[in-house]
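upload04.cif (mmCIF, C-alpha atoms, pLDDT in the B column; chains and numbers go by the auth columns) appears below.
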```cif
data_target
loop_
_atom_site.group_PDB
_atom_site.id
_atom_site.type_symbol
_atom_site.label_atom_id
_atom_site.label_comp_id
_atom_site.label_asym_id
_atom_site.label_seq_id
_atom_site.Cartn_x
_atom_site.Cartn_y
_atom_site.Cartn_z
_atom_site.B_iso_or_equiv
_atom_site.auth_seq_id
_atom_site.auth_asym_id
ATOM 1 C CA MET A 1 -18.462 -7.475 3.718 95.00 1 A
ATOM 2 C CA LYS A 2 -17.079 -5.494 0.811 98.00 2 A
ATOM 3 C CA ALA A 3 -13.585 -4.198 0.045 98.00 3 A
ATOM 4 C CA LEU A 4 -12.221 -1.746 -2.515 98.00 4 A
ATOM 5 C CA ILE A 5 -8.657 -2.436 -3.626 98.00 5 A
ATOM 6 C CA THR A 6 -6.472 -0.099 -5.674 98.00 6 A
ATOM 7 C CA GLY A 7 -3.571 -1.574 -7.603 96.00 7 A
ATOM 8 C CA ALA A 8 -5.637 -4.747 -7.938 96.00 8 A
ATOM 9 C CA SER A 9 -4.392 -5.769 -11.383 93.00 9 A
ATOM 10 C CA SER A 10 -1.148 -7.352 -10.140 92.00 10 A
ATOM 11 C CA GLY A 11 1.072 -8.221 -7.202 94.00 11 A
ATOM 12 C CA ILE A 12 -0.048 -7.777 -3.621 96.00 12 A
ATOM 13 C CA GLY A 13 -3.286 -6.045 -4.623 96.00 13 A
ATOM 14 C CA ARG A 14 -4.289 -8.935 -6.850 96.00 14 A
ATOM 15 C CA ASP A 15 -3.540 -11.491 -4.140 96.00 15 A
ATOM 16 C CA ILE A 16 -5.354 -9.467 -1.491 98.00 16 A
ATOM 17 C CA ALA A 17 -8.426 -9.552 -3.742 97.00 17 A
ATOM 18 C CA LYS A 18 -8.122 -13.318 -4.142 96.00 18 A
ATOM 19 C CA GLU A 19 -7.702 -13.863 -0.409 97.00 19 A
ATOM 20 C CA LEU A 20 -10.682 -11.669 0.474 97.00 20 A
ATOM 21 C CA VAL A 21 -12.928 -13.523 -1.979 96.00 21 A
ATOM 22 C CA ARG A 22 -11.716 -16.791 -0.477 95.00 22 A
ATOM 23 C CA GLN A 23 -12.797 -15.467 2.918 95.00 23 A
ATOM 24 C CA GLY A 24 -16.257 -14.608 1.586 95.00 24 A
ATOM 25 C CA TRP A 25 -15.869 -10.878 0.867 97.00 25 A
ATOM 26 C CA ASP A 26 -17.180 -9.014 -2.160 97.00 26 A
ATOM 27 C CA VAL A 27 -14.441 -6.975 -3.827 97.00 27 A
ATOM 28 C CA ILE A 28 -14.214 -3.906 -6.035 98.00 28 A
ATOM 29 C CA LEU A 29 -11.083 -4.061 -8.164 97.00 29 A
ATOM 30 C CA VAL A 30 -9.442 -0.780 -9.161 97.00 30 A
ATOM 31 C CA ALA A 31 -6.468 -0.259 -11.477 96.00 31 A
ATOM 32 C CA ARG A 32 -5.384 1.394 -14.734 93.00 32 A
ATOM 33 C CA ARG A 33 -5.082 -1.809 -16.765 92.00 33 A
ATOM 34 C CA THR A 34 -8.619 -2.661 -17.785 91.00 34 A
ATOM 35 C CA GLU A 35 -7.839 -5.963 -19.474 92.00 35 A
ATOM 36 C CA ARG A 36 -6.098 -7.319 -16.384 93.00 36 A
ATOM 37 C CA LEU A 37 -9.011 -6.257 -14.216 93.00 37 A
ATOM 38 C CA ARG A 38 -11.409 -8.122 -16.481 92.00 38 A
ATOM 39 C CA GLU A 39 -9.245 -11.231 -16.371 93.00 39 A
ATOM 40 C CA LEU A 40 -9.155 -11.126 -12.576 94.00 40 A
ATOM 41 C CA LYS A 41 -12.894 -10.501 -12.361 93.00 41 A
ATOM 42 C CA LYS A 42 -13.477 -13.542 -14.558 92.00 42 A
ATOM 43 C CA GLU A 43 -11.204 -15.622 -12.342 93.00 43 A
ATOM 44 C CA LEU A 44 -12.825 -14.488 -9.087 92.00 44 A
ATOM 45 C CA GLY A 45 -16.419 -14.807 -10.237 84.00 45 A
ATOM 46 C CA GLY A 46 -19.604 -12.912 -9.563 78.00 46 A
ATOM 47 C CA ARG A 47 -18.602 -11.372 -6.229 82.00 47 A
ATOM 48 C CA THR A 48 -16.446 -8.771 -7.958 94.00 48 A
ATOM 49 C CA LYS A 49 -16.794 -5.449 -9.739 95.00 49 A
ATOM 50 C CA CYS A 50 -14.027 -3.551 -11.473 94.00 50 A
ATOM 51 C CA TYR A 51 -13.370 0.098 -12.273 95.00 51 A
ATOM 52 C CA ARG A 52 -10.638 1.567 -14.403 96.00 52 A
ATOM 53 C CA CYS A 53 -9.031 4.427 -12.442 96.00 53 A
ATOM 54 C CA ASP A 54 -5.646 6.126 -12.599 97.00 54 A
ATOM 55 C CA VAL A 55 -5.230 7.056 -8.946 97.00 55 A
ATOM 56 C CA SER A 56 -2.301 9.360 -9.772 97.00 56 A
ATOM 57 C CA HIS A 57 -4.992 11.899 -10.749 98.00 57 A
ATOM 58 C CA VAL A 58 -6.852 13.451 -7.811 98.00 58 A
ATOM 59 C CA GLU A 59 -10.013 14.000 -9.838 98.00 59 A
ATOM 60 C CA GLU A 60 -10.165 10.284 -10.693 98.00 60 A
ATOM 61 C CA CYS A 61 -9.804 9.376 -7.003 98.00 61 A
ATOM 62 C CA GLU A 62 -12.671 11.720 -6.162 98.00 62 A
ATOM 63 C CA MET A 63 -14.802 10.309 -8.974 98.00 63 A
ATOM 64 C CA LEU A 64 -14.091 6.746 -7.822 98.00 64 A
ATOM 65 C CA HIS A 65 -15.302 7.625 -4.339 98.00 65 A
ATOM 66 C CA LYS A 66 -18.517 9.120 -5.748 97.00 66 A
ATOM 67 C CA ILE A 67 -19.161 6.086 -7.972 96.00 67 A
ATOM 68 C CA VAL A 68 -19.020 3.631 -5.053 97.00 68 A
ATOM 69 C CA GLN A 69 -20.956 5.738 -2.542 95.00 69 A
ATOM 70 C CA ASP A 70 -23.880 3.306 -2.542 94.00 70 A
ATOM 71 C CA GLU A 71 -21.699 0.203 -2.201 95.00 71 A
ATOM 72 C CA ASP A 72 -21.322 0.366 1.612 95.00 72 A
ATOM 73 C CA ILE A 73 -17.583 -0.297 1.572 98.00 73 A
ATOM 74 C CA ASP A 74 -16.182 -2.019 4.675 98.00 74 A
ATOM 75 C CA MET A 75 -12.491 -1.966 3.747 98.00 75 A
ATOM 76 C CA LEU A 76 -10.261 0.300 1.679 98.00 76 A
ATOM 77 C CA VAL A 77 -6.949 -1.178 0.534 98.00 77 A
ATOM 78 C CA ASN A 78 -4.537 1.422 -0.839 98.00 78 A
ATOM 79 C CA CYS A 79 -2.167 -0.812 -2.764 97.00 79 A
ATOM 80 C CA ALA A 80 -1.343 1.099 -5.958 96.00 80 A
ATOM 81 C CA GLY A 81 2.283 2.213 -6.039 95.00 81 A
ATOM 82 C CA PHE A 82 5.679 1.843 -7.674 94.00 82 A
ATOM 83 C CA GLY A 83 9.360 2.631 -7.144 94.00 83 A
ATOM 84 C CA LEU A 84 12.429 3.885 -8.991 94.00 84 A
ATOM 85 C CA CYS A 85 16.117 3.228 -8.360 93.00 85 A
ATOM 86 C CA GLY A 86 19.087 5.508 -9.048 94.00 86 A
ATOM 87 C CA PHE A 87 20.992 8.554 -7.825 95.00 87 A
ATOM 88 C CA PHE A 88 18.541 11.355 -7.060 96.00 88 A
ATOM 89 C CA ASP A 89 20.161 13.800 -9.495 97.00 89 A
ATOM 90 C CA GLU A 90 19.963 11.215 -12.298 97.00 90 A
ATOM 91 C CA THR A 91 16.458 9.768 -11.924 96.00 91 A
ATOM 92 C CA ASP A 92 13.652 11.090 -14.110 97.00 92 A
ATOM 93 C CA MET A 93 11.687 13.890 -12.443 97.00 93 A
ATOM 94 C CA ASP A 94 8.416 13.240 -14.273 97.00 94 A
ATOM 95 C CA THR A 95 8.492 9.597 -13.155 97.00 95 A
ATOM 96 C CA GLU A 96 9.189 10.662 -9.580 98.00 96 A
ATOM 97 C CA LEU A 97 6.346 13.173 -9.579 98.00 97 A
ATOM 98 C CA GLN A 98 3.989 10.486 -10.848 97.00 98 A
ATOM 99 C CA MET A 99 5.288 8.240 -8.070 98.00 99 A
ATOM 100 C CA ILE A 100 4.498 10.915 -5.486 98.00 100 A
ATOM 101 C CA GLN A 101 1.009 11.300 -6.950 98.00 101 A
ATOM 102 C CA THR A 102 0.439 7.531 -6.821 98.00 102 A
ATOM 103 C CA ASN A 103 2.221 6.580 -3.595 98.00 103 A
ATOM 104 C CA VAL A 104 1.327 9.672 -1.556 98.00 104 A
ATOM 105 C CA THR A 105 -1.429 11.877 -2.994 98.00 105 A
ATOM 106 C CA ALA A 106 -3.745 9.007 -3.938 98.00 106 A
ATOM 107 C CA VAL A 107 -3.340 7.398 -0.508 98.00 107 A
ATOM 108 C CA HIS A 108 -3.984 10.750 1.144 98.00 108 A
ATOM 109 C CA VAL A 109 -7.108 11.531 -0.891 98.00 109 A
ATOM 110 C CA LEU A 110 -8.707 8.084 -0.763 98.00 110 A
ATOM 111 C CA THR A 111 -7.920 7.625 2.926 98.00 111 A
ATOM 112 C CA LYS A 112 -9.515 10.955 3.781 98.00 112 A
ATOM 113 C CA LEU A 113 -12.636 10.359 1.681 98.00 113 A
ATOM 114 C CA PHE A 114 -13.311 6.816 2.878 98.00 114 A
ATOM 115 C CA LEU A 115 -12.282 7.572 6.462 98.00 115 A
ATOM 116 C CA LYS A 116 -15.088 10.120 6.698 98.00 116 A
ATOM 117 C CA ASP A 117 -17.560 7.451 5.557 98.00 117 A
ATOM 118 C CA PHE A 118 -16.200 4.902 8.023 98.00 118 A
ATOM 119 C CA ILE A 119 -16.241 7.337 10.930 98.00 119 A
ATOM 120 C CA ALA A 120 -19.870 8.198 10.178 98.00 120 A
ATOM 121 C CA LYS A 121 -20.907 4.560 10.569 98.00 121 A
ATOM 122 C CA ASP A 122 -18.233 3.840 13.232 98.00 122 A
ATOM 123 C CA ARG A 123 -16.788 0.808 11.474 98.00 123 A
ATOM 124 C CA GLY A 124 -14.446 -0.094 8.653 98.00 124 A
ATOM 125 C CA TYR A 125 -10.846 -0.948 7.849 98.00 125 A
ATOM 126 C CA ILE A 126 -8.195 0.993 5.963 98.00 126 A
ATOM 127 C CA LEU A 127 -5.120 -0.960 4.887 98.00 127 A
ATOM 128 C CA ASN A 128 -2.335 1.199 3.479 98.00 128 A
ATOM 129 C CA VAL A 129 0.308 -0.866 1.728 97.00 129 A
ATOM 130 C CA ALA A 130 3.580 0.818 2.680 97.00 130 A
ATOM 131 C CA SER A 131 6.985 -0.845 3.099 95.00 131 A
ATOM 132 C CA VAL A 132 9.705 -1.353 5.662 93.00 132 A
ATOM 133 C CA ALA A 133 11.275 1.481 3.635 91.00 133 A
ATOM 134 C CA GLY A 134 8.780 3.715 5.406 94.00 134 A
ATOM 135 C CA PHE A 135 10.902 3.627 8.562 92.00 135 A
ATOM 136 C CA PHE A 136 14.186 4.704 6.904 90.00 136 A
ATOM 137 C CA SER A 137 15.888 7.120 4.523 87.00 137 A
ATOM 138 C CA GLY A 138 16.781 5.325 1.305 90.00 138 A
ATOM 139 C CA PRO A 139 19.767 6.460 -0.742 92.00 139 A
ATOM 140 C CA LEU A 140 19.437 5.320 -4.389 94.00 140 A
ATOM 141 C CA MET A 141 15.666 5.058 -3.899 94.00 141 A
ATOM 142 C CA ALA A 142 15.272 8.384 -2.125 95.00 142 A
ATOM 143 C CA THR A 143 11.866 9.343 -3.485 97.00 143 A
ATOM 144 C CA TYR A 144 10.327 5.908 -3.019 97.00 144 A
ATOM 145 C CA TYR A 145 11.480 5.680 0.604 96.00 145 A
ATOM 146 C CA ALA A 146 10.197 9.215 1.251 97.00 146 A
ATOM 147 C CA THR A 147 6.765 8.326 -0.133 98.00 147 A
ATOM 148 C CA LYS A 148 6.526 5.299 2.126 98.00 148 A
ATOM 149 C CA ASN A 149 7.655 7.397 5.117 97.00 149 A
ATOM 150 C CA TYR A 150 4.634 9.584 4.406 98.00 150 A
ATOM 151 C CA VAL A 151 2.272 6.614 4.329 98.00 151 A
ATOM 152 C CA VAL A 152 3.637 5.181 7.582 97.00 152 A
ATOM 153 C CA SER A 153 3.522 8.552 9.347 97.00 153 A
ATOM 154 C CA LEU A 154 0.038 9.425 8.100 98.00 154 A
ATOM 155 C CA THR A 155 -1.341 6.033 9.122 98.00 155 A
ATOM 156 C CA GLY A 156 0.120 6.287 12.621 98.00 156 A
ATOM 157 C CA ALA A 157 -1.246 9.779 13.153 98.00 157 A
ATOM 158 C CA ILE A 158 -4.749 8.849 11.989 98.00 158 A
ATOM 159 C CA ARG A 159 -4.675 5.768 14.196 98.00 159 A
ATOM 160 C CA THR A 160 -4.065 7.921 17.290 98.00 160 A
ATOM 161 C CA GLU A 161 -6.801 10.382 16.294 98.00 161 A
ATOM 162 C CA LEU A 162 -9.263 7.502 15.986 98.00 162 A
ATOM 163 C CA ARG A 163 -8.265 6.037 19.348 98.00 163 A
ATOM 164 C CA GLN A 164 -8.522 9.411 21.098 98.00 164 A
ATOM 165 C CA ARG A 165 -12.106 9.759 19.878 97.00 165 A
ATOM 166 C CA GLY A 166 -13.100 6.208 20.754 98.00 166 A
ATOM 167 C CA SER A 167 -13.742 5.260 17.134 98.00 167 A
ATOM 168 C CA HIS A 168 -14.044 1.615 16.119 98.00 168 A
ATOM 169 C CA VAL A 169 -12.528 2.297 12.688 98.00 169 A
ATOM 170 C CA GLN A 170 -9.247 0.448 12.151 98.00 170 A
ATOM 171 C CA ILE A 171 -6.286 1.672 10.102 98.00 171 A
ATOM 172 C CA SER A 172 -3.091 -0.266 9.397 98.00 172 A
ATOM 173 C CA ALA A 173 0.130 0.090 7.428 98.00 173 A
ATOM 174 C CA PHE A 174 1.533 -3.038 5.795 97.00 174 A
ATOM 175 C CA CYS A 175 5.322 -2.801 5.882 96.00 175 A
ATOM 176 C CA PRO A 176 6.980 -5.754 4.132 94.00 176 A
ATOM 177 C CA GLY A 177 10.510 -6.113 2.857 86.00 177 A
ATOM 178 C CA PRO A 178 11.095 -7.505 -0.639 86.00 178 A
ATOM 179 C CA VAL A 179 8.029 -9.120 -2.239 86.00 179 A
ATOM 180 C CA ALA A 180 8.078 -11.032 -5.528 79.00 180 A
ATOM 181 C CA THR A 181 5.945 -8.765 -7.756 73.00 181 A
ATOM 182 C CA GLU A 182 6.257 -6.600 -10.865 64.00 182 A
ATOM 183 C CA PHE A 183 7.659 -3.873 -8.581 62.00 183 A
ATOM 184 C CA ASN A 184 11.161 -5.172 -9.300 55.00 184 A
ATOM 185 C CA ASP A 185 10.853 -4.626 -13.045 54.00 185 A
ATOM 186 C CA VAL A 186 9.237 -1.212 -12.774 54.00 186 A
ATOM 187 C CA ALA A 187 11.789 0.026 -10.236 48.00 187 A
ATOM 188 C CA LYS A 188 14.622 -1.591 -12.246 53.00 188 A
ATOM 189 C CA VAL A 189 16.015 -3.430 -9.240 54.00 189 A
ATOM 190 C CA HIS A 190 16.997 -6.959 -8.334 54.00 190 A
ATOM 191 C CA PHE A 191 16.651 -7.804 -4.664 52.00 191 A
ATOM 192 C CA SER A 192 19.748 -9.233 -3.018 52.00 192 A
ATOM 193 C CA ALA A 193 17.596 -10.735 -0.244 63.00 193 A
ATOM 194 C CA ALA A 194 15.105 -13.461 -1.120 72.00 194 A
ATOM 195 C CA PRO A 195 11.629 -11.920 -1.462 77.00 195 A
ATOM 196 C CA ILE A 196 8.511 -13.430 0.054 87.00 196 A
ATOM 197 C CA SER A 197 5.692 -14.437 -2.263 91.00 197 A
ATOM 198 C CA SER A 198 2.927 -11.973 -3.059 92.00 198 A
ATOM 199 C CA LYS A 199 0.393 -14.513 -1.797 94.00 199 A
ATOM 200 C CA ARG A 200 2.106 -14.762 1.584 94.00 200 A
ATOM 201 C CA ALA A 201 2.330 -10.966 1.777 95.00 201 A
ATOM 202 C CA ALA A 202 -1.391 -10.610 1.061 96.00 202 A
ATOM 203 C CA LYS A 203 -2.393 -13.103 3.735 97.00 203 A
ATOM 204 C CA SER A 204 -0.128 -11.448 6.300 96.00 204 A
ATOM 205 C CA ALA A 205 -1.426 -7.972 5.457 97.00 205 A
ATOM 206 C CA LEU A 206 -5.066 -8.962 5.827 98.00 206 A
ATOM 207 C CA ARG A 207 -4.495 -10.981 8.983 97.00 207 A
ATOM 208 C CA GLY A 208 -2.864 -8.002 10.669 97.00 208 A
ATOM 209 C CA ALA A 209 -5.372 -5.453 9.414 98.00 209 A
ATOM 210 C CA LEU A 210 -8.379 -7.472 10.537 97.00 210 A
ATOM 211 C CA LYS A 211 -6.772 -7.850 13.977 97.00 211 A
ATOM 212 C CA GLY A 212 -6.433 -4.078 14.168 96.00 212 A
ATOM 213 C CA LYS A 213 -2.629 -3.920 14.158 97.00 213 A
ATOM 214 C CA LEU A 214 -1.058 -0.573 13.339 97.00 214 A
ATOM 215 C CA TYR A 215 2.103 -1.842 11.633 96.00 215 A
ATOM 216 C CA VAL A 216 1.863 -5.212 9.937 96.00 216 A
ATOM 217 C CA ILE A 217 5.345 -6.622 9.330 93.00 217 A
ATOM 218 C CA PRO A 218 5.409 -10.122 7.828 88.00 218 A
ATOM 219 C CA SER A 219 8.702 -11.548 9.067 73.00 219 A
ATOM 220 C CA ILE A 220 11.004 -11.501 12.083 71.00 220 A
ATOM 221 C CA LYS A 221 13.914 -10.441 9.876 69.00 221 A
ATOM 222 C CA ILE A 222 12.085 -7.324 8.725 65.00 222 A
ATOM 223 C CA LYS A 223 10.897 -6.603 12.262 66.00 223 A
ATOM 224 C CA SER A 224 14.540 -6.710 13.380 65.00 224 A
ATOM 225 C CA LEU A 225 15.366 -3.954 10.876 66.00 225 A
ATOM 226 C CA LYS A 226 12.733 -1.730 12.430 64.00 226 A
ATOM 227 C CA PHE A 227 14.098 -2.528 15.886 63.00 227 A
ATOM 228 C CA ALA A 228 17.653 -1.701 14.753 65.00 228 A
ATOM 229 C CA LYS A 229 16.543 1.837 13.968 65.00 229 A
ATOM 230 C CA ARG A 230 15.826 2.371 17.655 68.00 230 A
ATOM 231 C CA ILE A 231 19.355 1.559 18.787 69.00 231 A
ATOM 232 C CA LEU A 232 21.643 2.571 15.903 64.00 232 A
ATOM 233 C CA PRO A 233 22.503 6.142 14.811 66.00 233 A
ATOM 234 C CA ASP A 234 20.509 7.430 11.838 71.00 234 A
ATOM 235 C CA SER A 235 23.700 8.127 9.877 68.00 235 A
ATOM 236 C CA LEU A 236 24.807 4.503 10.230 65.00 236 A
ATOM 237 C CA ILE A 237 21.378 3.189 9.267 66.00 237 A
ATOM 238 C CA THR A 238 21.302 5.408 6.176 73.00 238 A
ATOM 239 C CA ASN A 239 24.777 4.246 5.122 68.00 239 A
ATOM 240 C CA LEU A 240 23.668 0.642 5.549 69.00 240 A
ATOM 241 C CA CYS A 241 20.607 1.383 3.413 70.00 241 A
ATOM 242 C CA TYR A 242 22.884 2.791 0.714 62.00 242 A
ATOM 243 C CA HIS A 243 24.986 -0.393 0.597 66.00 243 A
ATOM 244 C CA PHE A 244 21.845 -2.519 0.604 68.00 244 A
ATOM 245 C CA GLN A 245 20.395 -0.523 -2.278 67.00 245 A
ATOM 246 C CA GLN A 246 23.693 -0.770 -4.187 66.00 246 A
ATOM 247 C CA LYS A 247 23.326 -4.552 -4.282 65.00 247 A
ATOM 248 C CA LYS A 248 20.082 -4.110 -6.222 59.00 248 A
#
```

If you took the structure in this file and wrote it as structure tokens, what would it be?
Amino acid sequence: MKALITGASSGIGRDIAKELVRQGWDVILVARRTERLRELKKELGGRTKCYRCDVSHVEECEMLHKIVQDEDIDMLVNCAGFGLCGFFDETDMDTELQMIQTNVTAVHVLTKLFLKDFIAKDRGYILNVASVAGFFSGPLMATYYATKNYVVSLTGAIRTELRQRGSHVQISAFCPGPVATEFNDVAKVHFSAAPISSKRAAKSALRGALKGKLYVIPSIKIKSLKFAKRILPDSLITNLCYHFQQKK
């Protein structure tokens, strides 16, 4: 079995790669930071390959797909992504547009390209790393939350299309709360709630994806937030999100 993982140079992507190798998979590591990829490849051993790719550029996503066409990929893990905190009128537009390219466009392009391959052979897994943010509107992280809403919505829609056609291809969205990764530094936030470890997140994500779950949520506390959205008014939920974000 072979998996391709974007955002593999750090955080959840790195730990997903480690966990897959532990389970006997071959892995293809993809990220922008070449030196980190080489370090991880050295750590994981001969069952790995690595490619430098900036997934925020559509043409690089398309080239990546062409390069690995003969690899017979069994799993795509869309893990590359980042966030940004601040009032929407004050945050940097160029950074937000790059975020949309990374968190949304890259997921869209790679999912579509690899999904076609998986459907053709009627097997394969797609794991889109989203966030519990994907179920809410997020004042002070408006763009980030919106990107994760896209990932959650897209994954759910594709899942139904696959089921309606009797396909054996599986697609899942991993929706954790805070995770201890470099995300905090890039987004310039400090979580008020204790984050789970990246290693625990990776194991949970893979366990759920391989079981064919649509939404993989790693803790009861985070699941309760999703449940609360069903019974509380959207305006109240959004105000609560604002106060939660303020604590960051």

* Asked: Pick from A:Arg123, A:Arg14, A:Ile28, A:Thr91: nearest to Leu64 in chain A, with all atoms listed in the file counted?
  ->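 Of A:Arg123, A:Arg14, A:Ile28, A:Thr91, the one nearest Leu64 in chain A, counting all atoms listed in the file, is A:Ile28.
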
* If the PyMOL selection byres ((chain A and resi 115) around 9) is run on the structure shown, which residues does it catch, given as a PyMOL selection string? -> chain A and resi 76+110-114+116-120+124-126+169

* **Close residues, Gly7 in chain A itself excluded, 12 Å, all atoms listed in the file, min 3 positions apart in chain, as an MDAnalysis selection string** => chainID A and resid 4 10:17 28:34 36:37 50:56 76:82 102:103 106:107 128:129 181:183

* To do: Run the PyMOL selection byres ((chain A and resi 137) around 6) on the file and write out the hits as a PyMOL selection string.
  => chain A and resi 136+138+238

* **Residues returned when the PyMOL selection byres ((chain A and resi 74) around 7) runs on this file, as a list of chain:residue names** =>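 So the PyMOL selection byres ((chain A and resi 74) around 7), applied here, picks out A:Met1, A:Lys2, A:Ala3, A:Asp72, A:Ile73, A:Met75, A:Gly124, A:Tyr125.
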
Complete range 133-149 of chain A at the level of N, CA and C atoms, written as a PDB file, in the coordinates of the input.
```
ATOM      1  N   ALA A 133      10.595   0.252   4.046  1.00 91.00           N
ATOM      2  CA  ALA A 133      11.275   1.481   3.635  1.00 91.00           C
ATOM      3  C   ALA A 133      10.686   2.703   4.321  1.00 91.00           C
ATOM      4  N   GLY A 134       9.448   2.593   4.763  1.00 94.00           N
ATOM      5  CA  GLY A 134       8.780   3.715   5.406  1.00 94.00           C
ATOM      6  C   GLY A 134       9.367   4.117   6.747  1.00 94.00           C
ATOM      7  N   PHE A 135      10.270   3.309   7.279  1.00 92.00           N
ATOM      8  CA  PHE A 135      10.902   3.627   8.562  1.00 92.00           C
ATOM      9  C   PHE A 135      12.310   4.193   8.396  1.00 92.00           C
ATOM     10  N   PHE A 136      12.787   4.331   7.153  1.00 90.00           N
ATOM     11  CA  PHE A 136      14.186   4.704   6.904  1.00 90.00           C
ATOM     12  C   PHE A 136      14.299   5.768   5.820  1.00 90.00           C
ATOM     13  N   SER A 137      15.509   6.345   5.702  1.00 87.00           N
ATOM     14  CA  SER A 137      15.888   7.120   4.523  1.00 87.00           C
ATOM     15  C   SER A 137      16.562   6.154   3.557  1.00 87.00           C
ATOM     16  N   GLY A 138      16.314   6.327   2.258  1.00 90.00           N
ATOM     17  CA  GLY A 138      16.781   5.325   1.305  1.00 90.00           C
ATOM     18  C   GLY A 138      17.617   5.862   0.169  1.00 90.00           C
ATOM     19  N   PRO A 139      18.913   6.056   0.373  1.00 92.00           N
ATOM     20  CA  PRO A 139      19.767   6.460  -0.742  1.00 92.00           C
ATOM     21  C   PRO A 139      19.621   5.488  -1.908  1.00 92.00           C
ATOM     22  N   LEU A 140      19.618   6.025  -3.115  1.00 94.00           N
ATOM     23  CA  LEU A 140      19.437   5.320  -4.389  1.00 94.00           C
ATOM     24  C   LEU A 140      17.974   4.957  -4.672  1.00 94.00           C
ATOM     25  N   MET A 141      17.120   5.115  -3.669  1.00 94.00           N
ATOM     26  CA  MET A 141      15.666   5.058  -3.899  1.00 94.00           C
ATOM     27  C   MET A 141      15.021   6.139  -3.026  1.00 94.00           C
ATOM     28  N   ALA A 142      15.620   7.318  -3.070  1.00 95.00           N
ATOM     29  CA  ALA A 142      15.272   8.384  -2.125  1.00 95.00           C
ATOM     30  C   ALA A 142      13.797   8.760  -2.172  1.00 95.00           C
ATOM     31  N   THR A 143      13.259   8.916  -3.366  1.00 97.00           N
ATOM     32  CA  THR A 143      11.866   9.343  -3.485  1.00 97.00           C
ATOM     33  C   THR A 143      10.910   8.250  -3.024  1.00 97.00           C
ATOM     34  N   TYR A 144      11.191   7.024  -3.422  1.00 97.00           N
ATOM     35  CA  TYR A 144      10.327   5.908  -3.019  1.00 97.00           C
ATOM     36  C   TYR A 144      10.285   5.788  -1.498  1.00 97.00           C
ATOM     37  N   TYR A 145      11.439   5.782  -0.859  1.00 96.00           N
ATOM     38  CA  TYR A 145      11.480   5.680   0.604  1.00 96.00           C
ATOM     39  C   TYR A 145      10.706   6.841   1.242  1.00 96.00           C
ATOM     40  N   ALA A 146      10.884   8.046   0.696  1.00 97.00           N
ATOM     41  CA  ALA A 146      10.197   9.215   1.251  1.00 97.00           C
ATOM     42  C   ALA A 146       8.684   9.071   1.134  1.00 97.00           C
ATOM     43  N   THR A 147       8.210   8.514   0.007  1.00 98.00           N
ATOM     44  CA  THR A 147       6.765   8.326  -0.133  1.00 98.00           C
ATOM     45  C   THR A 147       6.236   7.341   0.899  1.00 98.00           C
ATOM     46  N   LYS A 148       6.989   6.292   1.161  1.00 98.00           N
ATOM     47  CA  LYS A 148       6.526   5.299   2.126  1.00 98.00           C
ATOM     48  C   LYS A 148       6.640   5.816   3.561  1.00 98.00           C
ATOM     49  N   ASN A 149       7.607   6.713   3.824  1.00 97.00           N
ATOM     50  CA  ASN A 149       7.655   7.397   5.117  1.00 97.00           C
ATOM     51  C   ASN A 149       6.360   8.174   5.342  1.00 97.00           C
TER      52      ASN A 149
END
```
